[in-house]
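For reference, the structure discussed in these notes is given below.
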Amino acid sequence: MRAGTVALAALGIALLLPQAASAAPTPVKDNGVNLNIPWAIGGLRIERDGTKRVHPGEWPTVPVASVRIWDARTAWLNIEPANDQWDFTRLDAFVEKAEAKGVKNILMTLGGTPMWAAKQQKATDAPWLGKGSASPPKRWADWAEFVQKVAQRYQGRIHGYEIWNEPNSLTYWSGSNEEWSELTGIASREIAKADPEAQIVIGAFATSPTKTLNKIAPMLDALKPQEATATPTAISIHWYPTRKNLPAGVSAIATQVRQAAEKAGIKNLPLWITEMNLRDGASLSAKNQQAAMQSMTDSASAGGIQRSWWYAWTDLGPNNLIQIYEGTPAARWLRSIA
């Protein structure tokens, strides 16, 4: 039994690791850890409660193999705040910093509709992104142009693109499944044309609560056959278990997503977790936070997850998550495994 499992058992729970399916890909061994780093270059952020905070920016003190760029004010609405007015300042700075730190793989999430391009505005739109940010665009040509410009500008520098963030959550997507299919297909083709070597990741699906997880199958079913002209590299999910459901691991979720993908004709794609943390982990002791992170890592491996990114290296993260920044138990644990 691993040390992480022992510590969790002290909480009255034991992690049961199901065996990975034989067809599941072998997890990738990265030289370093994979992280979301929202404040790599600092700046102003609108918090979930509407307050504004400025962060000076920081880079992790652990070796970083791959960084996912999201929640960093690099969404479509930040890059093109008005029609045909482009601002790549923050994204340029982020990519340059990652390169200077020796990061070998940069994954960028494309999403966040600008208000000028939005088809609709809803009360459920993420307030930290703004009105209309969850909307399909009024004109698909505007979305295509955005994706094309990003993929061309960063050809060979940004190594992969994740198309949208949590489209099965109303906070981030207020369109129909068919519109999501159109969005995904357009982005896939534009990326493939501008940078044929770039990884294309579909999904970024939320997996809790259950009603959100159950939206994944009909969304994948809506993908049109002609949208597969650019073959995706992987399907991605987000995994935020609670202490109560952590012992079940991620295997059942992974199996449900794989089965939905196969039913939709999307076969043998690796499954990635591009956001991972314990939803109510902040109140655990230092020892048990580290044990929980070890157990989540073991569970992802057992579930055949090929790659995982922790969310997030920042002292401004949601305060219920395990906090990951310099001096925290989580940071010390990541350094020990990097």
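By order of appearance in the structure tokens: chains A, B, ..., then residues from 1 within every chain, and ligands from 1 in the order shown.
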Which residues come within 7 Å of Leu107 of chain A, counting only C-alpha atoms, excluding same-chain residues fewer than 6 positions away, as a PyMOL selection string?
chain A and resi 67-69+158-162
Restricting the calculation to only C-alpha atoms, which member of A:Asn31, A:Thr328, A:Gln121, A:Thr89 is positioned closest to Val103 of chain A?
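Nearest to Val103 of chain A: A:Asn31.
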Nearby residues (only C-alpha atoms) at most 10 Å from Ile266 of chain A, same-chain spacing under 3 positions excluded, as a list of chain:residue names:
A:Leu220, A:Asp221, A:Leu223, A:Pro225, A:Ala228, A:Thr231, A:Pro232, A:Ile235, A:Arg258, A:Gln259, A:Ala260, A:Ala261, A:Glu262, A:Lys263, A:Leu269
Check segment 40-234 of chain A with DSSP on the backbone and list each residue it calls helix (DSSP H, G or I), as a ChimeraX atom specification.
/A:76-79,89-100,115-117,140-153,177-194,210-213,216-222,225-229
Residue neighbourhood segment 182-184 of chain A, 8 Å, only C-alpha atoms, exclusion window fewer than 5 positions, as a list of chain:residue names
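After dropping sequence-adjacent residues, the list is A:Pro136, A:Trp140, A:Trp143, A:Ile163, A:Ile202, A:Leu223, A:Glu227.
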Could you pull out the residues in segment 28-240 of chain A that DSSP calls strand (DSSP E) from the backbone, as JSON, numbers by chain?
{"A": [33, 34, 35, 36, 43, 44, 45, 46, 52, 53, 54, 55, 64, 65, 66, 67, 68, 69, 105, 106, 107, 108, 109, 110, 160, 161, 162, 163, 199, 200, 201, 202, 203, 204, 205, 206, 234, 235, 236, 237, 238, 239]}
Determine, counting only C-alpha atoms, which protein, DNA and RNA residues have an atom within 10 Å of an atom of Ala222 of chain A; residues of the same chain fewer than 2 positions away are not included. Present the result as a PyMOL selection string.
chain A and resi 176-182+217-220+224-225+264
For the residues in the current selection, export C-alpha atoms as an mmCIF file, in the first residue's frame.
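To be explicit, this is the file written out as again_25.cif:
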data_model
loop_
_atom_site.group_PDB
_atom_site.id
_atom_site.type_symbol
_atom_site.label_atom_id
_atom_site.label_comp_id
_atom_site.auth_asym_id
_atom_site.auth_seq_id
_atom_site.Cartn_x
_atom_site.Cartn_y
_atom_site.Cartn_z
ATOM 1 C CA SER A 176 -26.523 23.813 -28.313
ATOM 2 C CA ASN A 177 -24.664 20.547 -28.817
ATOM 3 C CA GLU A 178 -24.853 21.110 -32.570
ATOM 4 C CA GLU A 179 -23.273 24.542 -32.204
ATOM 5 C CA TRP A 180 -20.513 23.027 -30.057
ATOM 6 C CA SER A 181 -19.921 20.513 -32.836
ATOM 7 C CA GLU A 182 -19.598 23.345 -35.345
ATOM 8 C CA ALA A 217 -22.385 11.527 -24.397
ATOM 9 C CA PRO A 218 -24.983 13.600 -26.310
ATOM 10 C CA MET A 219 -22.376 16.255 -27.034
ATOM 11 C CA LEU A 220 -19.995 13.709 -28.529
ATOM 12 C CA LYS A 224 -20.490 15.597 -37.323
ATOM 13 C CA PRO A 225 -18.497 13.031 -39.301
ATOM 14 C CA ALA A 264 -19.945 8.463 -31.301
#
What's the separation between atom CA of Met276 of chain A and atom CA of Gln306 of chain A, in Å to one decimal place?
13.4 Å
At a cut-off of 10 Å, using only C-alpha atoms, what residues contact Gly317 of chain A? Leave out same-chain residues fewer than 6 positions from it and give the result as JSON, numbers by chain.
{"A": [38, 47, 311, 323, 324, 325]}
Could you work out how far atom CA of Asp92 of chain A lies from atom CA of Lys104 of chain A, giving the answer in Å with one decimal?
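Atom-to-atom, atom CA of Lys104 of chain A and atom CA of Asp92 of chain A are spaced 16.2 Å apart.
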Fewer than 2 positions away in the same chain doesn't count, so skip those; otherwise give me all residues within 7 Å of Ala117 of chain A, counting only C-alpha atoms, as a VMD selection string.
chain A and resid 113 to 115 119 137 to 138
Residue nearest Trp309 of chain A among A:His238, A:Arg189, A:Lys52, A:Arg73 (counting only C-alpha atoms):
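Comparing A:His238, A:Arg189, A:Lys52, A:Arg73 against Trp309 of chain A, the winner is A:His238.
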When distances are computed from only C-alpha atoms, which of A:Leu35, A:Asp280, A:Ser174, A:Gln85 shows the smallest separation from Thr61 of chain A?
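Smallest distance to Thr61 of chain A is found for A:Leu35.
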Counting only C-alpha atoms, the option among A:Pro209, A:Gly112, A:Gly303, A:Gly175 closest to Trp128 of chain A
A:Gly112
Judged by only C-alpha atoms, the minimum distance to Ala65 of chain A among A:Arg307, A:Arg332, A:Lys267, A:Arg243 is found for A:Arg307
